[in-house]
file data23.cif (mmCIF, C-alpha atoms)
data_upload
#
loop_
_atom_site.group_PDB
_atom_site.id
_atom_site.type_symbol
_atom_site.label_atom_id
_atom_site.label_comp_id
_atom_site.auth_asym_id
_atom_site.auth_seq_id
_atom_site.Cartn_x
_atom_site.Cartn_y
_atom_site.Cartn_z
ATOM 1 C CA MET A 1 -30.375 31.629 53.436
ATOM 2 C CA ARG A 2 -27.404 32.187 51.135
ATOM 3 C CA SER A 3 -28.052 32.653 47.441
ATOM 4 C CA LEU A 4 -26.335 31.545 44.264
ATOM 5 C CA VAL A 5 -27.164 33.283 40.998
ATOM 6 C CA ILE A 6 -26.175 31.710 37.698
ATOM 7 C CA ALA A 7 -26.208 34.255 34.873
ATOM 8 C CA GLY A 8 -26.800 32.582 31.524
ATOM 9 C CA GLY A 9 -28.655 29.470 30.434
ATOM 10 C CA GLY A 10 -26.240 28.171 27.810
ATOM 11 C CA PHE A 11 -23.668 25.420 28.179
ATOM 12 C CA ALA A 12 -21.747 27.168 30.987
ATOM 13 C CA GLY A 13 -24.837 28.099 33.003
ATOM 14 C CA VAL A 14 -26.448 24.673 32.637
ATOM 15 C CA SER A 15 -23.175 23.007 33.615
ATOM 16 C CA ALA A 16 -22.869 25.267 36.668
ATOM 17 C CA LEU A 17 -26.425 24.428 37.740
ATOM 18 C CA ARG A 18 -25.817 20.693 37.326
ATOM 19 C CA THR A 19 -22.634 20.985 39.377
ATOM 20 C CA ALA A 20 -24.432 22.947 42.107
ATOM 21 C CA TYR A 21 -27.077 20.223 42.205
ATOM 22 C CA ARG A 22 -24.507 17.394 42.365
ATOM 23 C CA LEU A 23 -22.737 19.176 45.233
ATOM 24 C CA GLY A 24 -26.034 19.507 47.103
ATOM 25 C CA LEU A 25 -25.993 23.302 46.925
ATOM 26 C CA THR A 26 -29.534 23.563 45.566
ATOM 27 C CA HIS A 27 -30.757 22.115 48.876
ATOM 28 C CA LYS A 28 -28.573 24.373 51.021
ATOM 29 C CA MET A 29 -29.131 27.734 49.343
ATOM 30 C CA GLU A 30 -31.487 29.596 47.063
ATOM 31 C CA VAL A 31 -30.297 29.019 43.497
ATOM 32 C CA THR A 32 -31.509 31.217 40.649
ATOM 33 C CA LEU A 33 -30.792 30.772 36.942
ATOM 34 C CA ILE A 34 -31.196 33.917 34.832
ATOM 35 C CA ASP A 35 -31.597 33.646 31.069
ATOM 36 C CA ARG A 36 -32.918 36.209 28.601
ATOM 37 C CA ASP A 37 -34.966 33.714 26.563
ATOM 38 C CA GLY A 38 -35.528 30.871 29.022
ATOM 39 C CA VAL A 39 -34.538 28.342 26.376
ATOM 40 C CA PHE A 40 -31.395 26.210 26.060
ATOM 41 C CA GLU A 41 -30.116 26.004 22.478
ATOM 42 C CA TYR A 42 -28.020 22.963 21.601
ATOM 43 C CA LEU A 43 -25.667 24.883 19.306
ATOM 44 C CA PRO A 44 -23.860 21.866 17.743
ATOM 45 C CA SER A 45 -27.148 20.658 16.213
ATOM 46 C CA LEU A 46 -28.237 23.988 14.737
ATOM 47 C CA PRO A 47 -26.677 23.333 11.287
ATOM 48 C CA TYR A 48 -29.032 20.350 10.901
ATOM 49 C CA LEU A 49 -31.927 22.813 10.686
ATOM 50 C CA ILE A 50 -30.809 23.899 7.205
ATOM 51 C CA SER A 51 -31.130 20.367 5.820
ATOM 52 C CA SER A 52 -34.331 19.669 7.799
ATOM 53 C CA LEU A 53 -32.647 16.856 9.729
ATOM 54 C CA ARG A 54 -33.722 18.628 12.936
ATOM 55 C CA THR A 55 -36.531 20.977 13.908
ATOM 56 C CA PRO A 56 -36.205 23.954 16.260
ATOM 57 C CA GLU A 57 -38.058 21.927 18.894
ATOM 58 C CA GLU A 58 -35.439 19.172 18.662
ATOM 59 C CA VAL A 59 -32.488 21.513 19.270
ATOM 60 C CA THR A 60 -33.975 23.533 22.130
ATOM 61 C CA ARG A 61 -35.202 22.803 25.641
ATOM 62 C CA PRO A 62 -37.169 25.026 28.024
ATOM 63 C CA LEU A 63 -34.994 25.946 30.999
ATOM 64 C CA GLU A 64 -37.853 26.328 33.479
ATOM 65 C CA ARG A 65 -38.539 22.610 33.820
ATOM 66 C CA PHE A 66 -34.815 21.817 33.956
ATOM 67 C CA ALA A 67 -34.131 24.443 36.638
ATOM 68 C CA SER A 68 -37.124 23.365 38.703
ATOM 69 C CA ARG A 69 -36.110 19.711 38.533
ATOM 70 C CA LEU A 70 -32.697 20.628 39.969
ATOM 71 C CA GLY A 71 -34.129 22.815 42.724
ATOM 72 C CA ALA A 72 -33.486 26.205 41.139
ATOM 73 C CA LYS A 73 -35.708 29.087 40.115
ATOM 74 C CA LEU A 74 -35.593 30.471 36.566
ATOM 75 C CA ILE A 75 -35.909 34.180 35.869
ATOM 76 C CA LYS A 76 -36.491 35.045 32.206
ATOM 77 C CA ASP A 77 -34.991 38.505 31.943
ATOM 78 C CA GLU A 78 -32.105 40.435 30.456
ATOM 79 C CA ILE A 79 -29.172 41.364 32.659
ATOM 80 C CA VAL A 80 -28.378 45.046 32.179
ATOM 81 C CA GLY A 81 -25.715 45.433 34.852
ATOM 82 C CA ILE A 82 -23.689 43.696 37.522
ATOM 83 C CA GLU A 83 -22.560 45.513 40.673
ATOM 84 C CA PRO A 84 -19.921 43.260 42.280
ATOM 85 C CA THR A 85 -19.220 45.677 45.148
ATOM 86 C CA SER A 86 -22.821 45.434 46.355
ATOM 87 C CA ASN A 87 -23.465 41.850 45.127
ATOM 88 C CA GLU A 88 -26.355 42.909 42.912
ATOM 89 C CA ILE A 89 -27.523 42.195 39.393
ATOM 90 C CA ARG A 90 -29.737 44.689 37.588
ATOM 91 C CA LEU A 91 -32.423 43.122 35.401
ATOM 92 C CA ARG A 92 -34.388 44.896 32.688
ATOM 93 C CA ILE A 93 -37.835 43.812 33.952
ATOM 94 C CA ASN A 94 -37.366 42.442 37.463
ATOM 95 C CA GLY A 95 -35.202 45.218 38.894
ATOM 96 C CA VAL A 96 -32.351 44.420 41.261
ATOM 97 C CA LEU A 97 -31.475 40.936 42.496
ATOM 98 C CA GLY A 98 -28.960 40.383 45.284
ATOM 99 C CA TYR A 99 -26.651 37.400 45.560
ATOM 100 C CA ASP A 100 -24.004 35.882 47.797
ATOM 101 C CA TYR A 101 -22.347 33.897 45.009
ATOM 102 C CA LEU A 102 -22.414 34.594 41.289
ATOM 103 C CA VAL A 103 -21.530 32.455 38.271
ATOM 104 C CA ILE A 104 -21.289 34.380 35.005
ATOM 105 C CA GLY A 105 -21.794 32.226 31.916
ATOM 106 C CA LEU A 106 -23.380 34.619 29.454
ATOM 107 C CA GLY A 107 -21.820 33.183 26.319
ATOM 108 C CA ALA A 108 -20.893 35.191 23.269
ATOM 109 C CA ASP A 109 -22.512 37.490 20.789
ATOM 110 C CA VAL A 110 -20.853 37.338 17.405
ATOM 111 C CA ASP A 111 -20.080 40.624 15.654
ATOM 112 C CA TYR A 112 -19.252 40.114 12.000
ATOM 113 C CA SER A 113 -19.252 43.818 11.133
ATOM 114 C CA ASN A 114 -15.431 44.035 11.077
ATOM 115 C CA VAL A 115 -15.186 41.237 8.520
ATOM 116 C CA ARG A 116 -14.955 42.635 5.012
ATOM 117 C CA GLY A 117 -17.799 41.320 2.851
ATOM 118 C CA TYR A 118 -19.835 39.983 5.780
ATOM 119 C CA GLN A 119 -22.985 41.545 4.359
ATOM 120 C CA TYR A 120 -22.809 39.118 1.416
ATOM 121 C CA VAL A 121 -22.910 35.900 3.432
ATOM 122 C CA TYR A 122 -25.336 34.176 5.745
ATOM 123 C CA ALA A 123 -23.626 33.890 9.093
ATOM 124 C CA ALA A 124 -25.201 31.743 11.775
ATOM 125 C CA TYR A 125 -24.424 31.207 15.426
ATOM 126 C CA ARG A 126 -27.727 31.160 17.339
ATOM 127 C CA LEU A 127 -31.138 29.678 16.586
ATOM 128 C CA ARG A 128 -32.493 33.069 15.491
ATOM 129 C CA ASP A 129 -29.729 33.247 12.828
ATOM 130 C CA TYR A 130 -30.663 29.853 11.386
ATOM 131 C CA LEU A 131 -34.367 30.688 11.389
ATOM 132 C CA SER A 132 -33.582 33.894 9.500
ATOM 133 C CA ILE A 133 -31.604 31.934 6.905
ATOM 134 C CA LEU A 134 -34.422 29.400 6.499
ATOM 135 C CA LYS A 135 -36.880 32.221 5.736
ATOM 136 C CA LYS A 136 -34.587 33.422 2.936
ATOM 137 C CA LEU A 137 -34.144 30.017 1.301
#
call {"tool": "encode", "arguments": {"input": "data23.cif", "output": "C-alpha coordinates"}}
result
Amino acid sequence: MRSLVIAGGGFAGVSALRTAYRLGLTHKMEVTLIDRDGVFEYLPSLPYLISSLRTPEEVTRPLERFASRLGAKLIKDEIVGIEPTSNEIRLRINGVLGYDYLVIGLGADVDYSNVRGYQYVYAAYRLRDYLSILKKL
(Lines of atoms letter the chains of each structure in order from A and count residues from 1; the text may use other names and numbers.)
(Lines give C-alpha, C1' and ligand atoms only; values in the text may rest on other atoms or scores of the structure.)
Protein backbone atom coordinates (compact mmCIF):
# COMPACT_ATOMS: atom_id res chain seq x y z
CA MET A 1 0.00 0.00 0.00
CA ARG A 2 1.29 3.47 -0.86
CA SER A 3 2.03 5.87 1.96
CA LEU A 4 1.57 9.58 2.51
CA VAL A 5 3.49 11.29 5.30
CA ILE A 6 2.46 14.75 6.46
CA ALA A 7 5.25 16.45 8.40
CA GLY A 8 3.87 19.02 10.83
CA GLY A 9 0.62 19.34 12.75
CA GLY A 10 0.04 23.07 12.39
CA PHE A 11 -2.26 24.84 9.97
CA ALA A 12 -0.53 23.48 6.84
CA GLY A 13 -0.35 19.88 8.07
CA VAL A 14 -3.94 19.84 9.33
CA SER A 15 -5.13 21.36 6.05
CA ALA A 16 -3.18 18.74 4.08
CA LEU A 17 -4.72 15.93 6.14
CA ARG A 18 -8.23 17.32 5.67
CA THR A 19 -7.63 17.58 1.93
CA ALA A 20 -6.30 14.01 1.78
CA TYR A 21 -9.43 12.86 3.60
CA ARG A 22 -11.78 14.80 1.30
CA LEU A 23 -10.04 13.30 -1.74
CA GLY A 24 -10.47 9.80 -0.29
CA LEU A 25 -6.73 9.26 0.04
CA THR A 26 -6.92 8.14 3.67
CA HIS A 27 -8.90 5.10 2.48
CA LYS A 28 -6.55 4.32 -0.40
CA MET A 29 -3.17 4.66 1.30
CA GLU A 30 -1.50 4.67 4.68
CA VAL A 31 -1.49 8.27 5.91
CA THR A 32 0.77 9.35 8.77
CA LEU A 33 0.85 12.75 10.48
CA ILE A 34 4.09 13.56 12.31
CA ASP A 35 4.15 16.30 14.94
CA ARG A 36 6.71 16.94 17.67
CA ASP A 37 4.13 17.77 20.36
CA GLY A 38 0.99 16.05 19.09
CA VAL A 39 -1.04 19.18 19.79
CA PHE A 40 -2.57 21.71 17.38
CA GLU A 41 -2.17 25.30 18.58
CA TYR A 42 -4.70 27.81 17.28
CA LEU A 43 -2.18 30.65 16.99
CA PRO A 44 -4.67 33.51 16.34
CA SER A 45 -6.24 32.96 19.77
CA LEU A 46 -3.00 32.83 21.76
CA PRO A 47 -3.02 36.57 22.64
CA TYR A 48 -6.30 36.02 24.52
CA LEU A 49 -4.35 33.99 27.08
CA ILE A 50 -2.72 37.17 28.43
CA SER A 51 -6.09 38.71 29.30
CA SER A 52 -7.52 35.39 30.54
CA LEU A 53 -10.20 35.42 27.84
CA ARG A 54 -8.99 31.95 26.81
CA THR A 55 -7.26 29.07 28.57
CA PRO A 56 -4.54 26.88 27.06
CA GLU A 57 -7.12 24.10 26.74
CA GLU A 58 -9.35 26.36 24.65
CA VAL A 59 -6.63 27.22 22.12
CA THR A 60 -5.20 23.72 21.65
CA ARG A 61 -6.50 20.39 20.39
CA PRO A 62 -4.91 16.94 20.60
CA LEU A 63 -3.96 15.76 17.12
CA GLU A 64 -4.33 12.04 17.85
CA ARG A 65 -8.12 12.06 17.92
CA PHE A 66 -8.29 14.34 14.87
CA ALA A 67 -5.89 12.17 12.85
CA SER A 68 -7.67 8.97 13.84
CA ARG A 69 -11.06 10.40 12.91
CA LEU A 70 -9.74 11.15 9.41
CA GLY A 71 -8.13 7.74 8.98
CA ALA A 72 -4.53 8.72 9.68
CA LYS A 73 -1.97 7.65 12.25
CA LEU A 74 -0.22 10.22 14.45
CA ILE A 75 3.44 9.88 15.38
CA LYS A 76 4.58 12.21 18.16
CA ASP A 77 8.25 12.67 17.38
CA GLU A 78 10.79 15.19 16.17
CA ILE A 79 11.96 15.06 12.57
CA VAL A 80 15.75 15.22 12.49
CA GLY A 81 16.29 14.67 8.78
CA ILE A 82 14.65 14.13 5.43
CA GLU A 83 16.28 12.01 2.72
CA PRO A 84 14.35 12.77 -0.50
CA THR A 85 16.53 10.50 -2.66
CA SER A 86 15.55 7.45 -0.60
CA ASN A 87 12.06 8.69 0.42
CA GLU A 88 12.85 8.48 4.13
CA ILE A 89 12.33 10.66 7.17
CA ARG A 90 14.59 10.27 10.19
CA LEU A 91 12.84 10.65 13.54
CA ARG A 92 14.54 11.25 16.87
CA ILE A 93 12.76 8.41 18.72
CA ASN A 94 11.12 6.21 16.08
CA GLY A 95 14.05 5.87 13.69
CA VAL A 96 13.50 5.89 9.94
CA LEU A 97 10.10 6.11 8.26
CA GLY A 98 9.69 5.55 4.53
CA TYR A 99 7.12 7.28 2.35
CA ASP A 100 5.84 7.41 -1.21
CA TYR A 101 4.47 10.94 -0.91
CA LEU A 102 5.54 13.67 1.49
CA VAL A 103 3.91 16.95 2.52
CA ILE A 104 6.19 19.27 4.48
CA GLY A 105 4.32 21.78 6.64
CA LEU A 106 6.66 22.29 9.57
CA GLY A 107 5.85 25.94 10.19
CA ALA A 108 8.30 28.49 11.49
CA ASP A 109 10.55 29.02 14.45
CA VAL A 110 11.04 32.68 15.23
CA ASP A 111 14.57 33.88 15.93
CA TYR A 112 14.60 37.32 17.51
CA SER A 113 18.32 37.30 18.30
CA ASN A 114 19.19 39.59 15.35
CA VAL A 115 16.76 42.25 16.56
CA ARG A 116 18.54 44.86 18.64
CA GLY A 117 17.00 45.09 22.12
CA TYR A 118 15.04 41.84 21.81
CA GLN A 119 16.19 40.76 25.26
CA TYR A 120 14.15 43.61 26.78
CA VAL A 121 10.77 42.59 25.39
CA TYR A 122 8.42 39.66 25.74
CA ALA A 123 8.08 38.13 22.32
CA ALA A 124 5.42 35.50 21.74
CA TYR A 125 4.64 33.23 18.84
CA ARG A 126 3.83 29.77 20.24
CA LEU A 127 1.89 28.59 23.27
CA ARG A 128 5.10 27.99 25.24
CA ASP A 129 6.02 31.68 24.74
CA TYR A 130 2.69 32.88 26.13
CA LEU A 131 2.89 30.50 29.08
CA SER A 132 6.36 31.84 29.85
CA ILE A 133 5.05 35.42 29.78
CA LEU A 134 2.13 34.52 32.07
CA LYS A 135 4.57 33.11 34.65
CA LYS A 136 6.43 36.44 34.67
CA LEU A 137 3.34 38.62 35.11
call {"tool": "closest_residue", "arguments": {"input": "data23.cif", "among": "A:Glu78, A:Asp109, A:Glu41, A:Glu57", "to": "Gly10 of chain A", "atoms": "all atoms listed in the file"}}
result
A:Glu41
call {"tool": "axis_aligned_box", "arguments": {"input": "data23.cif", "around": "segment 67-83 of chain A", "padding_each_side": "3 Å", "output": "lines of an AutoDock Vina configuration file"}}
result
center_x = -29.8
center_y = 32.6
center_z = 36.6
size_x = 20.6
size_y = 31.8
size_z = 18.3
call {"tool": "residues_around", "arguments": {"input": "data23.cif", "residues": "Val59 of chain A", "least_positions_apart": "5", "cutoff": "10 Å", "atoms": "all atoms listed in the file", "output": "list of chain:residue names"}}
result
A:Phe40, A:Glu41, A:Tyr42, A:Leu43, A:Pro44, A:Ser45, A:Leu46, A:Tyr48, A:Leu49, A:Arg54, A:Leu127
call {"tool": "resolve_selection", "arguments": {"input": "data23.cif", "expression": "the PyMOL selection byres ((chain A and resi 27-30) around 9)", "output": "PyMOL selection string"}}
result
chain A and resi 1-5+21+24-26+31-32+71-73
call {"tool": "write_last_selection", "arguments": {"input": "data23.cif", "atoms": "C-alpha atoms", "output": "PDB file, in the frame of the given file"}}
result
ATOM      1  CA  MET A   1     -30.375  31.629  53.436  1.00  0.00           C
ATOM      2  CA  ARG A   2     -27.404  32.187  51.135  1.00  0.00           C
ATOM      3  CA  SER A   3     -28.052  32.653  47.441  1.00  0.00           C
ATOM      4  CA  LEU A   4     -26.335  31.545  44.264  1.00  0.00           C
ATOM      5  CA  VAL A   5     -27.164  33.283  40.998  1.00  0.00           C
ATOM      6  CA  TYR A  21     -27.077  20.223  42.205  1.00  0.00           C
ATOM      7  CA  GLY A  24     -26.034  19.507  47.103  1.00  0.00           C
ATOM      8  CA  LEU A  25     -25.993  23.302  46.925  1.00  0.00           C
ATOM      9  CA  THR A  26     -29.534  23.563  45.566  1.00  0.00           C
ATOM     10  CA  VAL A  31     -30.297  29.019  43.497  1.00  0.00           C
ATOM     11  CA  THR A  32     -31.509  31.217  40.649  1.00  0.00           C
ATOM     12  CA  GLY A  71     -34.129  22.815  42.724  1.00  0.00           C
ATOM     13  CA  ALA A  72     -33.486  26.205  41.139  1.00  0.00           C
ATOM     14  CA  LYS A  73     -35.708  29.087  40.115  1.00  0.00           C
TER      15      LYS A  73
END
call {"tool": "residues_around", "arguments": {"input": "data23.cif", "residues": "Ile89 of chain A", "least_positions_apart": "5", "cutoff": "12 Å", "atoms": "all atoms listed in the file", "output": "JSON, numbers by chain"}}
result
{"A": [4, 5, 6, 7, 32, 34, 77, 78, 79, 80, 81, 82, 83, 84, 94, 95, 96, 97, 98, 99, 100, 101, 102, 103, 104]}
call {"tool": "closest_residue", "arguments": {"input": "data23.cif", "among": "A:Arg126, A:Arg92, A:Arg116, A:Arg69", "to": "Val39 of chain A", "atoms": "all atoms listed in the file"}}
result
A:Arg126
call {"tool": "atom_distance", "arguments": {"input": "data23.cif", "atom1": "atom CA of Glu88 of chain A", "atom2": "atom CA of Val110 of chain A"}}
result
26.7 Å
call {"tool": "closest_residue", "arguments": {"input": "data23.cif", "among": "A:Gly38, A:Pro56, A:Gly117, A:Gly107", "to": "Ile75 of chain A", "atoms": "all atoms listed in the file"}}
result
A:Gly38
call {"tool": "atom_distance", "arguments": {"input": "data23.cif", "atom1": "atom CA of Val115 of chain A", "atom2": "atom CA of Leu131 of chain A"}}
result
22.1 Å
call {"tool": "closest_residue", "arguments": {"input": "data23.cif", "among": "A:Ala123, A:Leu23, A:Leu63, A:Ile50", "to": "Lys76 of chain A", "atoms": "all atoms listed in the file"}}
result
A:Leu63
call {"tool": "closest_residue", "arguments": {"input": "data23.cif", "among": "A:Gly105, A:Leu91, A:Pro47, A:Thr55", "to": "Ser15 of chain A", "atoms": "all atoms listed in the file"}}
result
A:Gly105
call {"tool": "atom_distance", "arguments": {"input": "data23.cif", "atom1": "atom CA of Thr85 of chain A", "atom2": "atom CA of Thr19 of chain A"}}
result
25.6 Å
call {"tool": "resolve_selection", "arguments": {"input": "data23.cif", "expression": "the PyMOL selection byres ((chain A and resi 122) around 12)", "output": "list in words"}}
result
Ile50, Tyr112, Gly117, Tyr118, Gln119, Tyr120, Val121, Ala123, Ala124, Tyr125, Asp129, Tyr130, Leu131, Ser132, Ile133, Leu134, Lys135, Lys136 and Leu137 of chain A
call {"tool": "closest_residue", "arguments": {"input": "data23.cif", "among": "A:Leu33, A:Leu53, A:Ala108, A:Ala67", "to": "Gly13 of chain A", "atoms": "only C-alpha atoms"}}
result
A:Leu33
